[in-house]
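Chemist: Provided below: protein02.tsv, containing TSV, N, CA and C atoms.
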```
chain	number	residue	atom	x	y	z
A	7	MET	N	11.69	-3.83	-31.96
A	7	MET	CA	11.81	-4.04	-30.54
A	7	MET	C	10.99	-2.97	-29.83
A	8	THR	N	10.20	-3.38	-28.86
A	8	THR	CA	9.37	-2.46	-28.11
A	8	THR	C	9.90	-2.35	-26.69
A	9	LEU	N	10.07	-1.13	-26.26
A	9	LEU	CA	10.50	-0.89	-24.89
A	9	LEU	C	9.31	-0.37	-24.11
A	10	SER	N	8.86	-1.12	-23.14
A	10	SER	CA	7.78	-0.67	-22.29
A	10	SER	C	7.97	-1.26	-20.91
A	11	LYS	N	7.48	-0.53	-19.92
A	11	LYS	CA	7.65	-0.93	-18.54
A	11	LYS	C	6.36	-0.58	-17.81
A	12	ILE	N	6.01	-1.41	-16.85
A	12	ILE	CA	4.81	-1.18	-16.06
A	12	ILE	C	5.14	-1.43	-14.60
A	13	VAL	N	4.55	-0.61	-13.74
A	13	VAL	CA	4.68	-0.79	-12.30
A	13	VAL	C	3.27	-0.76	-11.73
A	14	VAL	N	2.84	-1.84	-11.07
A	14	VAL	CA	1.51	-1.92	-10.48
A	14	VAL	C	1.62	-2.47	-9.07
A	15	SER	N	0.59	-2.19	-8.30
A	15	SER	CA	0.49	-2.81	-6.97
A	15	SER	C	-0.87	-3.46	-6.88
A	16	GLY	N	-0.96	-4.50	-6.09
A	16	GLY	CA	-2.23	-5.18	-5.93
A	16	GLY	C	-2.12	-6.34	-4.97
A	17	LYS	N	-3.24	-7.01	-4.78
A	17	LYS	CA	-3.32	-8.14	-3.87
A	17	LYS	C	-3.26	-9.44	-4.65
A	18	ILE	N	-2.46	-10.38	-4.19
A	18	ILE	CA	-2.32	-11.68	-4.85
A	18	ILE	C	-3.62	-12.46	-4.63
A	19	THR	N	-4.24	-12.92	-5.73
A	19	THR	CA	-5.54	-13.60	-5.63
A	19	THR	C	-5.45	-15.12	-5.72
A	20	THR	N	-4.32	-15.63	-6.17
A	20	THR	CA	-4.13	-17.08	-6.23
A	20	THR	C	-2.80	-17.43	-5.56
A	21	ASN	N	-2.72	-18.63	-5.04
A	21	ASN	CA	-1.45	-19.05	-4.45
A	21	ASN	C	-0.38	-19.10	-5.55
A	22	PRO	N	0.79	-18.50	-5.30
A	22	PRO	CA	1.85	-18.53	-6.30
A	22	PRO	C	2.22	-19.98	-6.65
A	23	GLU	N	2.35	-20.22	-7.94
A	23	GLU	CA	2.67	-21.55	-8.44
A	23	GLU	C	4.09	-21.56	-8.98
A	24	LYS	N	4.91	-22.45	-8.42
A	24	LYS	CA	6.29	-22.58	-8.90
A	24	LYS	C	6.38	-23.85	-9.74
A	25	ARG	N	6.90	-23.69	-10.96
A	25	ARG	CA	7.14	-24.84	-11.83
A	25	ARG	C	8.50	-24.69	-12.47
A	26	PHE	N	8.85	-25.67	-13.26
A	26	PHE	CA	10.16	-25.65	-13.90
A	26	PHE	C	10.00	-25.91	-15.39
A	27	SER	N	10.81	-25.22	-16.20
A	27	SER	CA	10.79	-25.42	-17.64
A	27	SER	C	11.46	-26.75	-17.99
A	28	GLN	N	11.48	-27.08	-19.26
A	28	GLN	CA	12.13	-28.32	-19.69
A	28	GLN	C	13.61	-28.32	-19.37
A	29	ASN	N	14.21	-27.14	-19.29
A	29	ASN	CA	15.64	-27.02	-18.97
A	29	ASN	C	15.88	-26.82	-17.48
A	30	ASN	N	14.86	-27.12	-16.67
A	30	ASN	CA	14.94	-27.01	-15.22
A	30	ASN	C	15.14	-25.55	-14.76
A	31	PHE	N	14.51	-24.63	-15.47
A	31	PHE	CA	14.58	-23.20	-15.16
A	31	PHE	C	13.33	-22.84	-14.35
A	32	PRO	N	13.46	-22.25	-13.14
A	32	PRO	CA	12.30	-21.96	-12.31
A	32	PRO	C	11.40	-20.85	-12.88
A	33	ILE	N	10.07	-21.06	-12.78
A	33	ILE	CA	9.08	-20.10	-13.24
A	33	ILE	C	8.04	-19.95	-12.14
A	34	LEU	N	7.78	-18.73	-11.73
A	34	LEU	CA	6.77	-18.44	-10.71
A	34	LEU	C	5.64	-17.67	-11.37
A	35	SER	N	4.40	-18.05	-11.10
A	35	SER	CA	3.26	-17.31	-11.66
A	35	SER	C	2.16	-17.20	-10.62
A	36	PHE	N	1.42	-16.08	-10.69
A	36	PHE	CA	0.28	-15.86	-9.82
A	36	PHE	C	-0.60	-14.78	-10.42
A	37	SER	N	-1.82	-14.66	-9.91
A	37	SER	CA	-2.75	-13.62	-10.36
A	37	SER	C	-2.73	-12.48	-9.37
A	38	LEU	N	-2.85	-11.27	-9.89
A	38	LEU	CA	-2.78	-10.06	-9.07
A	38	LEU	C	-3.99	-9.18	-9.37
A	39	ASP	N	-4.74	-8.83	-8.32
A	39	ASP	CA	-5.88	-7.93	-8.45
A	39	ASP	C	-5.37	-6.50	-8.31
A	40	VAL	N	-5.32	-5.77	-9.43
A	40	VAL	CA	-4.76	-4.42	-9.42
A	40	VAL	C	-5.82	-3.34	-9.22
A	41	ASN	N	-7.11	-3.72	-9.31
A	41	ASN	CA	-8.18	-2.75	-9.11
A	41	ASN	C	-9.37	-3.46	-8.48
A	42	PRO	N	-9.48	-3.46	-7.16
A	42	PRO	CA	-10.55	-4.20	-6.48
A	42	PRO	C	-11.96	-3.78	-6.89
A	43	GLN	N	-12.16	-2.51	-7.28
A	43	GLN	CA	-13.51	-2.06	-7.66
A	43	GLN	C	-13.97	-2.74	-8.94
A	44	ASP	N	-13.08	-2.93	-9.91
A	44	ASP	CA	-13.42	-3.54	-11.19
A	44	ASP	C	-13.06	-5.02	-11.25
A	45	GLU	N	-12.39	-5.51	-10.23
A	45	GLU	CA	-11.84	-6.86	-10.24
A	45	GLU	C	-10.94	-7.05	-11.46
A	46	THR	N	-10.03	-6.11	-11.66
A	46	THR	CA	-9.07	-6.19	-12.75
A	46	THR	C	-7.91	-7.07	-12.30
A	47	VAL	N	-7.80	-8.22	-12.92
A	47	VAL	CA	-6.79	-9.20	-12.53
A	47	VAL	C	-5.80	-9.38	-13.68
A	48	VAL	N	-4.52	-9.37	-13.35
A	48	VAL	CA	-3.48	-9.63	-14.33
A	48	VAL	C	-2.66	-10.83	-13.87
A	49	ARG	N	-2.04	-11.48	-14.81
A	49	ARG	CA	-1.17	-12.61	-14.49
A	49	ARG	C	0.25	-12.11	-14.42
A	50	VAL	N	0.98	-12.53	-13.38
A	50	VAL	CA	2.37	-12.13	-13.19
A	50	VAL	C	3.24	-13.37	-13.33
A	51	ILE	N	4.32	-13.22	-14.10
A	51	ILE	CA	5.27	-14.32	-14.29
A	51	ILE	C	6.66	-13.80	-13.92
A	52	ARG	N	7.39	-14.59	-13.15
A	52	ARG	CA	8.79	-14.28	-12.80
A	52	ARG	C	9.61	-15.50	-13.14
A	53	VAL	N	10.66	-15.31	-13.91
A	53	VAL	CA	11.49	-16.41	-14.38
A	53	VAL	C	12.90	-16.25	-13.81
A	54	GLY	N	13.55	-17.36	-13.48
A	54	GLY	CA	14.93	-17.31	-13.04
A	54	GLY	C	15.10	-17.70	-11.59
A	55	SER	N	16.32	-17.53	-11.09
A	55	SER	CA	16.64	-17.95	-9.72
A	55	SER	C	15.85	-17.18	-8.68
A	56	ALA	N	15.51	-15.92	-8.96
A	56	ALA	CA	14.72	-15.13	-8.02
A	56	ALA	C	13.32	-15.72	-7.85
A	57	ALA	N	12.80	-16.36	-8.89
A	57	ALA	CA	11.47	-16.97	-8.83
A	57	ALA	C	11.43	-18.08	-7.80
A	58	GLU	N	12.50	-18.83	-7.72
A	58	GLU	CA	12.54	-19.96	-6.78
A	58	GLU	C	12.53	-19.48	-5.33
A	59	SER	N	13.31	-18.47	-5.01
A	59	SER	CA	13.35	-17.98	-3.62
A	59	SER	C	12.11	-17.17	-3.27
A	60	LEU	N	11.52	-16.50	-4.25
A	60	LEU	CA	10.35	-15.67	-4.02
A	60	LEU	C	9.11	-16.50	-3.74
A	61	ALA	N	9.04	-17.70	-4.27
A	61	ALA	CA	7.87	-18.56	-4.12
A	61	ALA	C	7.55	-18.84	-2.65
A	62	ASP	N	8.55	-18.91	-1.79
A	62	ASP	CA	8.35	-19.18	-0.37
A	62	ASP	C	8.05	-17.92	0.43
A	63	LYS	N	8.22	-16.75	-0.18
A	63	LYS	CA	8.08	-15.49	0.56
A	63	LYS	C	6.75	-14.78	0.33
A	64	ILE	N	6.03	-15.12	-0.73
A	64	ILE	CA	4.75	-14.48	-0.98
A	64	ILE	C	3.63	-15.52	-0.96
A	65	ALA	N	2.41	-15.05	-0.66
A	65	ALA	CA	1.27	-15.96	-0.57
A	65	ALA	C	0.00	-15.23	-0.99
A	66	LYS	N	-1.05	-15.99	-1.18
A	66	LYS	CA	-2.35	-15.43	-1.52
A	66	LYS	C	-2.76	-14.43	-0.43
A	67	GLY	N	-3.21	-13.25	-0.84
A	67	GLY	CA	-3.64	-12.23	0.11
A	67	GLY	C	-2.59	-11.17	0.38
A	68	ASP	N	-1.33	-11.45	0.04
A	68	ASP	CA	-0.27	-10.45	0.23
A	68	ASP	C	-0.44	-9.32	-0.78
A	69	THR	N	-0.05	-8.12	-0.38
A	69	THR	CA	-0.03	-6.99	-1.31
A	69	THR	C	1.40	-6.80	-1.78
A	70	VAL	N	1.57	-6.69	-3.10
A	70	VAL	CA	2.90	-6.58	-3.67
A	70	VAL	C	2.95	-5.46	-4.70
A	71	ILE	N	4.16	-5.00	-4.97
A	71	ILE	CA	4.43	-4.09	-6.08
A	71	ILE	C	5.19	-4.88	-7.12
A	72	VAL	N	4.72	-4.83	-8.36
A	72	VAL	CA	5.34	-5.59	-9.45
A	72	VAL	C	5.82	-4.61	-10.52
A	73	GLU	N	7.06	-4.79	-10.92
A	73	GLU	CA	7.64	-3.99	-12.00
A	73	GLU	C	8.07	-4.95	-13.09
A	74	GLY	N	7.75	-4.63	-14.33
A	74	GLY	CA	8.16	-5.52	-15.40
A	74	GLY	C	7.67	-5.08	-16.76
A	75	ARG	N	7.70	-6.02	-17.70
A	75	ARG	CA	7.34	-5.76	-19.09
A	75	ARG	C	5.92	-6.28	-19.35
A	76	PRO	N	5.02	-5.41	-19.83
A	76	PRO	CA	3.65	-5.87	-20.11
A	76	PRO	C	3.58	-6.67	-21.41
A	77	GLN	N	2.69	-7.67	-21.41
A	77	GLN	CA	2.48	-8.50	-22.59
A	77	GLN	C	1.00	-8.84	-22.70
A	78	LEU	N	0.53	-9.12	-23.89
A	78	LEU	CA	-0.82	-9.62	-24.11
A	78	LEU	C	-0.72	-11.03	-24.65
A	79	GLU	N	-1.44	-11.95	-24.03
A	79	GLU	CA	-1.45	-13.33	-24.50
A	79	GLU	C	-2.87	-13.69	-24.90
A	80	THR	N	-3.00	-14.54	-25.90
A	80	THR	CA	-4.29	-15.01	-26.35
A	80	THR	C	-4.41	-16.48	-26.00
A	81	VAL	N	-5.50	-16.83	-25.29
A	81	VAL	CA	-5.76	-18.22	-24.92
A	81	VAL	C	-7.18	-18.57	-25.32
A	82	LYS	N	-7.44	-19.83	-25.43
A	82	LYS	CA	-8.80	-20.28	-25.75
A	82	LYS	C	-9.47	-20.78	-24.48
A	83	ASP	N	-10.73	-20.35	-24.26
A	83	ASP	CA	-11.47	-20.81	-23.10
A	83	ASP	C	-12.11	-22.16	-23.38
A	84	ASP	N	-12.92	-22.66	-22.46
A	84	ASP	CA	-13.54	-23.98	-22.60
A	84	ASP	C	-14.48	-24.06	-23.80
A	85	ASN	N	-15.04	-22.93	-24.20
A	85	ASN	CA	-15.97	-22.91	-25.33
A	85	ASN	C	-15.26	-22.73	-26.67
A	86	GLY	N	-13.95	-22.60	-26.67
A	86	GLY	CA	-13.18	-22.44	-27.89
A	86	GLY	C	-13.01	-20.99	-28.33
A	87	ARG	N	-13.56	-20.06	-27.55
A	87	ARG	CA	-13.40	-18.64	-27.88
A	87	ARG	C	-12.05	-18.15	-27.42
A	88	GLU	N	-11.48	-17.26	-28.21
A	88	GLU	CA	-10.18	-16.68	-27.84
A	88	GLU	C	-10.39	-15.57	-26.82
A	89	LYS	N	-9.50	-15.52	-25.85
A	89	LYS	CA	-9.58	-14.55	-24.78
A	89	LYS	C	-8.19	-13.93	-24.62
A	90	ARG	N	-8.14	-12.61	-24.45
A	90	ARG	CA	-6.85	-11.93	-24.27
A	90	ARG	C	-6.59	-11.76	-22.78
A	91	ILE	N	-5.38	-12.07	-22.39
A	91	ILE	CA	-4.97	-11.97	-20.98
A	91	ILE	C	-3.78	-11.02	-20.89
A	92	PHE	N	-3.86	-10.11	-19.95
A	92	PHE	CA	-2.76	-9.18	-19.70
A	92	PHE	C	-1.77	-9.86	-18.76
A	93	VAL	N	-0.50	-9.92	-19.17
A	93	VAL	CA	0.55	-10.60	-18.40
A	93	VAL	C	1.68	-9.62	-18.15
A	94	ILE	N	2.24	-9.68	-16.95
A	94	ILE	CA	3.43	-8.88	-16.64
A	94	ILE	C	4.59	-9.84	-16.46
A	95	ASN	N	5.61	-9.69	-17.28
A	95	ASN	CA	6.84	-10.45	-17.15
A	95	ASN	C	7.70	-9.68	-16.15
A	96	ALA	N	7.63	-10.07	-14.88
A	96	ALA	CA	8.17	-9.27	-13.78
A	96	ALA	C	9.69	-9.31	-13.70
A	97	SER	N	10.27	-8.14	-13.48
A	97	SER	CA	11.69	-8.05	-13.20
A	97	SER	C	11.91	-7.83	-11.70
A	98	THR	N	10.91	-7.23	-11.04
A	98	THR	CA	10.98	-6.98	-9.60
A	98	THR	C	9.62	-7.22	-8.97
A	99	ILE	N	9.60	-7.91	-7.84
A	99	ILE	CA	8.39	-8.11	-7.06
A	99	ILE	C	8.74	-7.80	-5.61
A	100	GLU	N	8.03	-6.84	-5.01
A	100	GLU	CA	8.28	-6.47	-3.62
A	100	GLU	C	7.01	-6.60	-2.81
A	101	LYS	N	7.11	-7.27	-1.67
A	101	LYS	CA	5.97	-7.41	-0.78
A	101	LYS	C	5.84	-6.15	0.06
A	102	ILE	N	4.61	-5.58	0.11
A	102	ILE	CA	4.42	-4.38	0.93
A	102	ILE	C	3.47	-4.62	2.10
A	103	SER	N	2.74	-5.74	2.10
A	103	SER	CA	1.94	-6.13	3.27
A	103	SER	C	1.72	-7.62	3.22
A	104	PHE	N	1.35	-8.16	4.37
A	104	PHE	CA	1.15	-9.59	4.49
A	104	PHE	C	-0.33	-9.92	4.48
A	105	SER	N	-0.65	-11.17	4.12
A	105	SER	CA	-2.03	-11.62	4.14
A	105	SER	C	-2.51	-11.77	5.57
A	106	ASN	N	-3.82	-11.80	5.76
A	106	ASN	CA	-4.39	-11.97	7.10
A	106	ASN	C	-4.09	-13.33	7.68
A	107	SER	N	-3.92	-14.33	6.83
A	107	SER	CA	-3.67	-15.68	7.30
A	107	SER	C	-2.23	-15.89	7.74
A	108	SER	N	-1.37	-14.95	7.42
A	108	SER	CA	0.04	-15.07	7.75
A	108	SER	C	0.27	-14.74	9.22
A	109	ASN	N	1.28	-15.33	9.81
A	109	ASN	CA	1.62	-15.05	11.21
A	109	ASN	C	2.49	-13.83	11.35
A	110	ASN	N	2.87	-13.22	10.25
A	110	ASN	CA	3.73	-12.06	10.28
A	110	ASN	C	2.95	-10.81	10.67
A	111	VAL	N	3.65	-9.81	11.12
A	111	VAL	CA	3.04	-8.53	11.46
A	111	VAL	C	2.75	-7.80	10.16
A	112	SER	N	1.55	-7.25	10.06
A	112	SER	CA	1.21	-6.56	8.81
A	112	SER	C	1.78	-5.15	8.80
A	113	ILE	N	2.04	-4.68	7.60
A	113	ILE	CA	2.53	-3.33	7.41
A	113	ILE	C	1.33	-2.48	7.06
A	114	PRO	N	0.96	-1.51	7.90
A	114	PRO	CA	-0.24	-0.73	7.61
A	114	PRO	C	-0.05	0.17	6.39
A	115	ILE	N	-1.08	0.24	5.59
A	115	ILE	CA	-1.10	1.13	4.44
A	115	ILE	C	-2.29	2.04	4.65
A	116	SER	N	-2.05	3.32	4.75
A	116	SER	CA	-3.10	4.26	5.05
A	116	SER	C	-3.78	4.75	3.78
A	117	ASN	N	-5.11	4.84	3.82
A	117	ASN	CA	-5.87	5.41	2.73
A	117	ASN	C	-6.60	6.67	3.16
A	118	LYS	N	-6.28	7.18	4.34
A	118	LYS	CA	-6.98	8.35	4.85
A	118	LYS	C	-6.59	9.58	4.06
A	119	SER	N	-7.56	10.44	3.81
A	119	SER	CA	-7.27	11.67	3.09
A	119	SER	C	-6.49	12.66	3.94
A	120	ASP	N	-6.44	12.45	5.29
A	120	ASP	CA	-5.67	13.34	6.17
A	120	ASP	C	-4.19	13.29	5.85
A	121	ASP	N	-3.72	12.17	5.29
A	121	ASP	CA	-2.30	11.99	5.01
A	121	ASP	C	-1.85	12.73	3.76
A	122	ILE	N	-2.79	13.24	2.97
A	122	ILE	CA	-2.44	13.93	1.74
A	122	ILE	C	-2.13	15.38	2.06
A	123	VAL	N	-0.99	15.84	1.61
A	123	VAL	CA	-0.60	17.23	1.84
A	123	VAL	C	-1.26	18.08	0.79
A	124	GLN	N	-1.94	19.13	1.23
A	124	GLN	CA	-2.60	20.03	0.30
A	124	GLN	C	-1.95	21.40	0.41
A	125	PHE	N	-1.74	22.02	-0.73
A	125	PHE	CA	-1.13	23.34	-0.78
A	125	PHE	C	-2.17	24.38	-1.14
A	126	ALA	N	-2.00	25.55	-0.59
A	126	ALA	CA	-2.88	26.65	-0.95
A	126	ALA	C	-2.56	27.07	-2.38
A	127	SER	N	-3.54	27.52	-3.11
A	127	SER	CA	-3.32	27.88	-4.51
A	127	SER	C	-2.36	29.05	-4.66
A	128	GLU	N	-2.28	29.94	-3.65
A	128	GLU	CA	-1.36	31.07	-3.73
A	128	GLU	C	0.09	30.59	-3.73
A	129	GLU	N	0.38	29.55	-2.95
A	129	GLU	CA	1.76	29.04	-2.89
A	129	GLU	C	2.21	28.52	-4.25
A	130	ILE	N	1.35	27.84	-4.92
A	130	ILE	CA	1.69	27.27	-6.21
A	130	ILE	C	1.76	28.38	-7.26
A	131	ALA	N	0.82	29.31	-7.22
A	131	ALA	CA	0.77	30.37	-8.22
A	131	ALA	C	2.02	31.25	-8.21
A	132	GLU	N	2.63	31.46	-7.05
A	132	GLU	CA	3.82	32.29	-6.96
A	132	GLU	C	5.02	31.65	-7.65
A	133	ASP	N	5.06	30.32	-7.71
A	133	ASP	CA	6.20	29.61	-8.28
A	133	ASP	C	6.06	29.31	-9.77
A	134	LEU	N	4.92	29.61	-10.37
A	134	LEU	CA	4.72	29.31	-11.78
A	134	LEU	C	5.58	30.20	-12.66
A	135	ILE	N	6.00	29.66	-13.79
A	135	ILE	CA	6.85	30.39	-14.72
A	135	ILE	C	5.97	30.99	-15.81
A	136	ASP	N	6.21	32.26	-16.13
A	136	ASP	CA	5.49	32.90	-17.22
A	136	ASP	C	6.01	32.39	-18.55
A	137	GLU	N	5.19	32.50	-19.59
A	137	GLU	CA	5.60	32.06	-20.94
A	137	GLU	C	6.80	32.81	-21.44
A	138	ASP	N	6.98	34.07	-20.99
A	138	ASP	CA	8.14	34.88	-21.41
A	138	ASP	C	9.45	34.32	-20.87
A	139	GLU	N	9.41	33.57	-19.78
A	139	GLU	CA	10.62	33.06	-19.14
A	139	GLU	C	11.10	31.72	-19.72
A	140	ILE	N	10.30	31.09	-20.55
A	140	ILE	CA	10.67	29.82	-21.13
A	140	ILE	C	11.70	30.07	-22.23
A	141	PRO	N	12.88	29.40	-22.17
A	141	PRO	CA	13.98	29.72	-23.09
A	141	PRO	C	13.81	29.19	-24.52
A	142	PHE	N	12.79	28.48	-24.84
A	142	PHE	CA	12.65	27.95	-26.21
A	142	PHE	C	11.33	28.29	-26.82
```
Before anything else, please render the file you have as structure tokens.
Modeler:
Amino acid sequence: MTLSKIVVSGKITTNPEKRFSQNNFPILSFSLDVNPQDETVVRVIRVGSAAESLADKIAKGDTVIVEGRPQLETVKDDNGREKRIFVINASTIEKISFSNSSNNVSIPISNKSDDIVQFASEEIAEDLIDEDEIPF
């Protein structure tokens, strides 16, 4: 058994698709761009009753935070070559901003460097522990 957890944020690149399993269990899936510079896209899957209610709350272009279990899946493309896809089996999905096409008010996310708190090196150096003070 492998225990692993991943938390990523990104912009939804495809409209969330809601489907149902053979046992009528809701499944929500969508693609998430986690790195716009590289166009790193992962597939997100959410299963269960939360998937059904979440399908109406998120849309293409929304920014979300996804927490879940990472998986690698192998699929064959049109040419018959195998391709590995990174999938997150989500336990939590939280919307942090809305798409431009939405009528909702957007939540601003700042990327300005002014918002980063910087400390002087003297402040940090005074609080460092010497090797002699480490109890082990």
Chemist: Figure out the distance between atom C of A:Val70 and atom C of A:Asp39, please, to one decimal in Å.
Modeler: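 Computed distance, atom C of A:Asp39 to atom C of A:Val70, equals 9.1 Å.
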Chemist: Between A:Pro42, A:Gly67, A:Gly54, A:Gly86, which is the closest to A:Pro22 once you count only N, CA and C atoms?
Modeler: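 Of A:Pro42, A:Gly67, A:Gly54, A:Gly86, the one nearest A:Pro22 is A:Gly67, counting only N, CA and C atoms.
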Chemist: Rounded to one decimal, what separation in Å do you get between atom C of A:Thr98 and atom C of A:Ile12?
Modeler: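 Atom-to-atom, atom C of A:Thr98 and atom C of A:Ile12 are spaced 9.2 Å apart.
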Chemist: Could you tell me how far atom CA of A:Lys101 lies from atom CA of A:Arg49, in Å and to one decimal?
Modeler: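 Separating atom CA of A:Lys101 from atom CA of A:Arg49 is a distance of 16.3 Å.
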Chemist: Quick one: of A:Lys24, A:Arg87, A:Ile18, A:Val13, who's nearest to A:Lys66, counting all atoms listed in the file?
Modeler: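 With all atoms listed in the file as the atom set, the closest residue is A:Ile18.
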Chemist: May I ask which of the residues A:Asp83, A:Arg75, A:Thr69, A:Val53 is the closest one to A:Ser10, counting only N, CA and C atoms?
Modeler: A:Arg75
Chemist: With distances taken over only N, CA and C atoms, which residue among A:Lys63, A:Ile99, A:Gln77, A:Ser55 lies nearest A:Phe31?
Modeler: A:Ser55
Chemist: Would you mind completing stretch 63-71 of chain A so that it carries all heavy atoms, and writing it out as a PDB file, in the coordinates of the input?
Modeler:
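Generated file (rebuild.pdb):
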```pdb
ATOM      1  N   LYS A  63       8.220 -16.750  -0.180  1.00  0.00           N
ATOM      2  CA  LYS A  63       8.080 -15.490   0.560  1.00  0.00           C
ATOM      3  C   LYS A  63       6.750 -14.780   0.330  1.00  0.00           C
ATOM      4  O   LYS A  63       6.403 -13.897   1.097  1.00  0.00           O
ATOM      5  CB  LYS A  63       9.218 -14.553   0.190  1.00  0.00           C
ATOM      6  CG  LYS A  63      10.563 -15.092   0.609  1.00  0.00           C
ATOM      7  CD  LYS A  63      11.674 -14.185   0.201  1.00  0.00           C
ATOM      8  CE  LYS A  63      13.005 -14.805   0.606  1.00  0.00           C
ATOM      9  NZ  LYS A  63      14.128 -14.077   0.062  1.00  0.00           N
ATOM     10  N   ILE A  64       6.030 -15.120  -0.730  1.00  0.00           N
ATOM     11  CA  ILE A  64       4.750 -14.480  -0.980  1.00  0.00           C
ATOM     12  C   ILE A  64       3.630 -15.520  -0.960  1.00  0.00           C
ATOM     13  O   ILE A  64       3.875 -16.699  -1.203  1.00  0.00           O
ATOM     14  CB  ILE A  64       4.740 -13.706  -2.322  1.00  0.00           C
ATOM     15  CG1 ILE A  64       5.017 -14.630  -3.501  1.00  0.00           C
ATOM     16  CG2 ILE A  64       5.712 -12.541  -2.281  1.00  0.00           C
ATOM     17  CD1 ILE A  64       4.879 -13.964  -4.860  1.00  0.00           C
ATOM     18  N   ALA A  65       2.410 -15.050  -0.660  1.00  0.00           N
ATOM     19  CA  ALA A  65       1.270 -15.960  -0.570  1.00  0.00           C
ATOM     20  C   ALA A  65       0.000 -15.230  -0.990  1.00  0.00           C
ATOM     21  O   ALA A  65      -0.020 -14.006  -1.115  1.00  0.00           O
ATOM     22  CB  ALA A  65       1.119 -16.483   0.854  1.00  0.00           C
ATOM     23  N   LYS A  66      -1.050 -15.990  -1.180  1.00  0.00           N
ATOM     24  CA  LYS A  66      -2.350 -15.430  -1.520  1.00  0.00           C
ATOM     25  C   LYS A  66      -2.760 -14.430  -0.430  1.00  0.00           C
ATOM     26  O   LYS A  66      -2.635 -14.714   0.752  1.00  0.00           O
ATOM     27  CB  LYS A  66      -3.390 -16.547  -1.628  1.00  0.00           C
ATOM     28  CG  LYS A  66      -4.769 -16.080  -1.983  1.00  0.00           C
ATOM     29  CD  LYS A  66      -5.713 -17.251  -2.087  1.00  0.00           C
ATOM     30  CE  LYS A  66      -7.119 -16.777  -2.394  1.00  0.00           C
ATOM     31  NZ  LYS A  66      -8.040 -17.918  -2.512  1.00  0.00           N
ATOM     32  N   GLY A  67      -3.210 -13.250  -0.840  1.00  0.00           N
ATOM     33  CA  GLY A  67      -3.640 -12.230   0.110  1.00  0.00           C
ATOM     34  C   GLY A  67      -2.590 -11.170   0.380  1.00  0.00           C
ATOM     35  O   GLY A  67      -2.912 -10.103   0.892  1.00  0.00           O
ATOM     36  N   ASP A  68      -1.330 -11.450   0.040  1.00  0.00           N
ATOM     37  CA  ASP A  68      -0.270 -10.450   0.230  1.00  0.00           C
ATOM     38  C   ASP A  68      -0.440  -9.320  -0.780  1.00  0.00           C
ATOM     39  O   ASP A  68      -0.906  -9.543  -1.898  1.00  0.00           O
ATOM     40  CB  ASP A  68       1.118 -11.066   0.033  1.00  0.00           C
ATOM     41  CG  ASP A  68       1.511 -12.027   1.140  1.00  0.00           C
ATOM     42  OD1 ASP A  68       0.854 -12.014   2.198  1.00  0.00           O
ATOM     43  OD2 ASP A  68       2.476 -12.775   0.945  1.00  0.00           O
ATOM     44  N   THR A  69      -0.050  -8.120  -0.380  1.00  0.00           N
ATOM     45  CA  THR A  69      -0.030  -6.990  -1.310  1.00  0.00           C
ATOM     46  C   THR A  69       1.400  -6.800  -1.780  1.00  0.00           C
ATOM     47  O   THR A  69       2.315  -6.765  -0.961  1.00  0.00           O
ATOM     48  CB  THR A  69      -0.551  -5.715  -0.626  1.00  0.00           C
ATOM     49  OG1 THR A  69      -1.874  -5.965  -0.139  1.00  0.00           O
ATOM     50  CG2 THR A  69      -0.594  -4.551  -1.589  1.00  0.00           C
ATOM     51  N   VAL A  70       1.570  -6.690  -3.100  1.00  0.00           N
ATOM     52  CA  VAL A  70       2.900  -6.580  -3.670  1.00  0.00           C
ATOM     53  C   VAL A  70       2.950  -5.460  -4.700  1.00  0.00           C
ATOM     54  O   VAL A  70       1.913  -5.029  -5.223  1.00  0.00           O
ATOM     55  CB  VAL A  70       3.350  -7.905  -4.351  1.00  0.00           C
ATOM     56  CG1 VAL A  70       3.522  -9.012  -3.334  1.00  0.00           C
ATOM     57  CG2 VAL A  70       2.389  -8.320  -5.444  1.00  0.00           C
ATOM     58  N   ILE A  71       4.160  -5.000  -4.970  1.00  0.00           N
ATOM     59  CA  ILE A  71       4.430  -4.090  -6.080  1.00  0.00           C
ATOM     60  C   ILE A  71       5.190  -4.880  -7.120  1.00  0.00           C
ATOM     61  O   ILE A  71       6.170  -5.552  -6.796  1.00  0.00           O
ATOM     62  CB  ILE A  71       5.253  -2.868  -5.632  1.00  0.00           C
ATOM     63  CG1 ILE A  71       4.464  -2.027  -4.640  1.00  0.00           C
ATOM     64  CG2 ILE A  71       5.677  -2.034  -6.833  1.00  0.00           C
ATOM     65  CD1 ILE A  71       5.245  -0.863  -4.070  1.00  0.00           C
TER      66      ILE A  71
END
```
